[in-house]
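Asks: Contents of structure-v3.pdb (PDB, C-alpha atoms) are given next:
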ATOM      1  CA  MET S  14     -92.912  43.566 156.366
ATOM      2  CA  ARG S  15     -95.420  45.003 153.927
ATOM      3  CA  ILE S  16     -96.828  43.220 150.913
ATOM      4  CA  GLY S  17     -94.456  44.790 148.382
ATOM      5  CA  GLU S  18     -91.385  43.703 150.316
ATOM      6  CA  LEU S  19     -92.733  40.166 150.725
ATOM      7  CA  ALA S  20     -93.452  39.964 147.006
ATOM      8  CA  SER S  21     -89.996  41.265 146.147
ATOM      9  CA  ARG S  22     -88.162  38.953 148.554
ATOM     10  CA  ALA S  23     -90.189  35.920 147.427
ATOM     11  CA  GLY S  24     -89.841  36.781 143.741
ATOM     12  CA  VAL S  25     -93.564  37.004 143.029
ATOM     13  CA  SER S  26     -95.980  39.767 142.177
ATOM     14  CA  VAL S  27     -98.023  41.643 144.751
ATOM     15  CA  ARG S  28    -101.071  40.293 142.933
ATOM     16  CA  SER S  29     -99.860  36.715 143.609
ATOM     17  CA  VAL S  30     -99.473  37.463 147.322
ATOM     18  CA  ARG S  31    -103.015  38.860 147.446
ATOM     19  CA  TYR S  32    -104.302  35.791 145.564
ATOM     20  CA  TYR S  33    -102.572  33.422 147.999
ATOM     21  CA  GLU S  34    -104.219  35.246 150.859
ATOM     22  CA  GLU S  35    -107.650  35.147 149.159
ATOM     23  CA  GLN S  36    -107.235  31.393 148.673
ATOM     24  CA  GLY S  37    -106.372  30.858 152.338
ATOM     25  CA  LEU S  38    -102.787  29.831 151.592
ATOM     26  CA  LEU S  39    -101.245  32.782 153.405
ATOM     27  CA  THR S  40    -102.339  35.024 156.260
ATOM     28  CA  SER S  41    -101.333  38.489 157.288
ATOM     29  CA  THR S  42    -101.961  40.823 160.159
ATOM     30  CA  ARG S  43    -103.455  44.230 159.468
ATOM     31  CA  SER S  44    -102.233  47.547 160.701
ATOM     32  CA  PRO S  45    -104.774  50.024 162.110
ATOM     33  CA  SER S  46    -104.818  51.636 158.645
ATOM     34  CA  GLY S  47    -105.579  48.246 157.020
ATOM     35  CA  GLN S  48    -102.157  47.558 155.512
ATOM     36  CA  ARG S  49    -101.106  43.920 155.337
ATOM     37  CA  HIS S  50     -98.043  42.869 157.326
ATOM     38  CA  TYR S  51     -96.111  39.628 156.962
ATOM     39  CA  THR S  52     -93.288  37.855 158.772
ATOM     40  CA  ASP S  53     -89.943  36.594 157.516
ATOM     41  CA  SER S  54     -91.301  33.033 157.545
ATOM     42  CA  ASP S  55     -93.928  34.095 155.012
ATOM     43  CA  VAL S  56     -91.148  34.509 152.427
ATOM     44  CA  GLU S  57     -90.380  30.791 152.766
ATOM     45  CA  ARG S  58     -94.079  29.947 152.694
ATOM     46  CA  VAL S  59     -94.623  31.860 149.448
ATOM     47  CA  ALA S  60     -91.603  30.096 147.913
ATOM     48  CA  PHE S  61     -93.080  26.749 149.007
ATOM     49  CA  ILE S  62     -96.480  27.658 147.544
ATOM     50  CA  GLN S  63     -94.729  28.607 144.280
ATOM     51  CA  ARG S  64     -93.027  25.190 144.136
ATOM     52  CA  LEU S  65     -96.358  23.450 144.660
ATOM     53  CA  TYR S  66     -97.973  25.486 141.881
ATOM     54  CA  ALA S  67     -94.991  24.697 139.641
ATOM     55  CA  ALA S  68     -95.675  21.007 140.314
ATOM     56  CA  GLY S  69     -99.143  21.511 138.819
ATOM     57  CA  LEU S  70    -101.097  21.507 142.061
ATOM     58  CA  SER S  71    -104.252  23.562 142.484
ATOM     59  CA  SER S  72    -104.828  25.926 145.398
ATOM     60  CA  ARG S  73    -107.387  23.461 146.766
ATOM     61  CA  THR S  74    -104.762  20.702 146.799
ATOM     62  CA  ILE S  75    -102.154  23.032 148.275
ATOM     63  CA  ILE S  76    -104.535  23.886 151.133
ATOM     64  CA  GLU S  77    -104.794  20.155 151.855
ATOM     65  CA  LEU S  78    -100.988  19.914 152.054
ATOM     66  CA  LEU S  79    -100.386  22.916 154.331
ATOM     67  CA  PRO S  80    -101.152  21.145 157.640
ATOM     68  CA  CYS S  81     -97.973  19.135 156.992
ATOM     69  CA  VAL S  82     -96.078  22.446 157.039
ATOM     70  CA  ASP S  83     -98.081  24.268 159.689
ATOM     71  CA  ALA S  84     -98.343  21.416 162.188
ATOM     72  CA  PRO S  85     -95.840  18.723 161.216
ATOM     73  CA  SER S  86     -96.783  15.253 162.381
ATOM     74  CA  GLU S  87     -96.611  11.720 161.060
ATOM     75  CA  GLN S  88    -100.346  11.805 160.361
ATOM     76  CA  HIS S  89    -100.102  15.076 158.416
ATOM     77  CA  SER S  90     -97.087  13.762 156.509
ATOM     78  CA  ASP S  91     -98.933  10.568 155.614
ATOM     79  CA  LEU S  92    -101.976  12.536 154.455
ATOM     80  CA  ALA S  93     -99.795  14.891 152.395
ATOM     81  CA  LEU S  94     -97.986  11.968 150.764
ATOM     82  CA  GLU S  95    -101.331  10.300 150.003
ATOM     83  CA  ARG S  96    -102.659  13.501 148.448
ATOM     84  CA  MET S  97     -99.521  14.020 146.359
ATOM     85  CA  ALA S  98     -99.655  10.391 145.169
ATOM     86  CA  ALA S  99    -103.282  10.899 144.112
ATOM     87  CA  GLU S 100    -102.254  14.054 142.264
ATOM     88  CA  ARG S 101     -99.442  12.150 140.562
ATOM     89  CA  ARG S 102    -101.913   9.466 139.428
ATOM     90  CA  ARG S 103    -104.161  12.190 138.033
ATOM     91  CA  LEU S 104    -101.239  13.721 136.132
ATOM     92  CA  THR S 105    -100.178  10.319 134.798
ATOM     93  CA  ALA S 106    -103.690   9.724 133.452
ATOM     94  CA  HIS S 107    -103.705  13.204 131.908
ATOM     95  CA  ILE S 108    -100.341  12.545 130.251
ATOM     96  CA  ALA S 109    -101.724   9.297 128.798
ATOM     97  CA  ASP S 110    -104.739  11.207 127.418
ATOM     98  CA  VAL S 111    -102.538  13.895 125.886
ATOM     99  CA  THR S 112    -100.251  11.239 124.402
ATOM    100  CA  ARG S 113    -103.256   9.502 122.786
ATOM    101  CA  THR S 114    -104.406  12.856 121.403
ATOM    102  CA  ARG S 115    -100.939  13.573 120.016
ATOM    103  CA  ASP S 116    -100.784  10.100 118.428
ATOM    104  CA  THR S 117    -104.171  10.671 116.789
ATOM    105  CA  LEU S 118    -102.949  13.996 115.432
ATOM    106  CA  ASP S 119     -99.794  12.292 114.106
ATOM    107  CA  ARG S 120    -101.958   9.757 112.232
ATOM    108  CA  LEU S 121    -104.122  12.544 110.792
ATOM    109  CA  MET S 122    -101.020  14.434 109.679
ATOM    110  CA  ALA S 123     -99.600  11.293 108.023
ATOM    111  CA  THR S 124    -102.895  10.764 106.182
ATOM    112  CA  ALA S 125    -102.966  14.407 105.077
ATOM    113  CA  ARG S 126     -99.354  14.198 103.853
ATOM    114  CA  ALA S 127    -100.044  10.983 101.946
ATOM    115  CA  HIS S 128    -103.127  12.566 100.395
ATOM    116  CA  ARG S 129    -101.165  15.695  99.509
ATOM    117  CA  ASP S 130     -98.379  13.639  97.947
ATOM    118  CA  ARG S 131    -100.887  11.625  95.879
ATOM    119  CA  GLN S 132    -102.581  14.844  94.794
ATOM    120  CA  GLY S 133     -99.207  16.383  93.973
ATOM    121  CA  ASP S 134     -98.406  13.463  91.700
ATOM    122  CA  ASP S 135    -101.819  13.704  89.983
ATOM    123  CA  HIS S 136    -101.760  17.495  89.659
ATOM    124  CA  ALA S 137     -98.090  18.313  89.369
ATOM    125  CA  HIS S 138     -98.883  20.889  86.709
ATOM    126  CA  ASP S 139    -102.227  22.088  88.160
ATOM    127  CA  ASP S 140    -101.765  25.665  89.406
ATOM    128  CA  HIS S 141    -105.156  25.548  91.157
ATOM    129  CA  ALA S 142    -104.451  22.607  93.489
ATOM    130  CA  HIS S 143    -105.420  23.341  97.098
ATOM    131  CA  PRO S 144    -102.427  23.513  99.498
ATOM    132  CA  CYS S 145    -104.039  20.947 101.864
ATOM    133  CA  GLY S 146    -104.664  18.485  99.043
ATOM    134  CA  ALA S 147    -108.368  19.253  98.696
ATOM    135  CA  GLN S 148    -109.855  20.154  95.328
TER     136      GLN S 148
END
For the file at hand, write its structure as structure tokens.

Replies:
Amino acid sequence: MRIGELASRAGVSVRSVRYYEEQGLLTSTRSPSGQRHYTDSDVERVAFIQRLYAAGLSSRTIIELLPCVDAPSEQHSDLALERMAAERRRLTAHIADVTRTRDTLDRLMATARAHRDRQGDDHAHDDHAHPCGAQ
């Protein structure tokens, strides 16, 4: 099948299919005129790649996981599980960082609200008070 049909059947854009091929995630054969041709199994592969991207994995990580799909073995499965566990640890650390950032922002917002409320009490009749509490 040609690239447009693959994209349509897999529910992705033609641009995504080209990107997957550029990244080494997908291969095609070429016709004498240079058109890309794919197999039915490539539809499943693109869907799998999409799920891995949706899980937050990079193309570099996905490439490391593909031997588990292309040449299933206990060793490849173990390596894929190890890689996914490492990726999960990375995401967990990132979530902790984002949570700390959010908590810092919450404290700043509470301070700004308290300051605004104090300023509102002091300048209840001041038409020139700054909306953020600054003078």

Asks: Name the residues within 9 Å of (-87.4, 29.0, 142.5), counting all atoms listed in the file in the file's coordinates, and put them as a PyMOL selection string.

Replies: chain S and resi 23-24+60-61+63-64

Asks: List as number ranges by chain the protein and nucleic acid residues near Glu95 in chain S, meaning an atom at most 12 Å away when all atoms listed in the file are counted, but skip any in the same chain fewer than 6 places from it.

Replies: S: 74, 77-78, 81, 88-89, 101-102

Asks: What is the distance, in Å and to one decimal place, between CA of Arg22 in chain S and CA of Leu38 in chain S?

Replies: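 Separation between CA of Arg22 in chain S and CA of Leu38 in chain S: 17.5 Å.
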
Asks: Enter the distance from CA of Arg103 in chain S to CA of Ser71 in chain S, in Å, rounded to one decimal.

Replies: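 Atom-to-atom, CA of Arg103 in chain S and CA of Ser71 in chain S are spaced 12.2 Å apart.
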
Asks: In Å to one decimal, how far is CA of Thr105 in chain S from CA of Ile76 in chain S?

Replies: 21.7 Å

Asks: Measuring between all atoms listed in the file, which one of S:Leu92, S:Leu39, S:Ala99, S:Ala125 shows the shortest distance to Tyr51 in chain S?

Replies: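 Distance minimum relative to Tyr51 in chain S lands on S:Leu39.
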
Asks: Would you pick out the contacts of Ile16 in chain S at 7 Å or less, using all atoms listed in the file, so that residues sharing its chain but fewer than 6 positions from it are not included, and give the list as number ranges by chain?

Replies: S: 27, 49-50

Asks: Using all atoms listed in the file, find the one residue out of S:Val59, S:Ala98, S:Leu104, S:Leu118 that sits nearest to Glu34 in chain S.

Replies: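 Using all atoms listed in the file, Glu34 in chain S sits closest to S:Val59.
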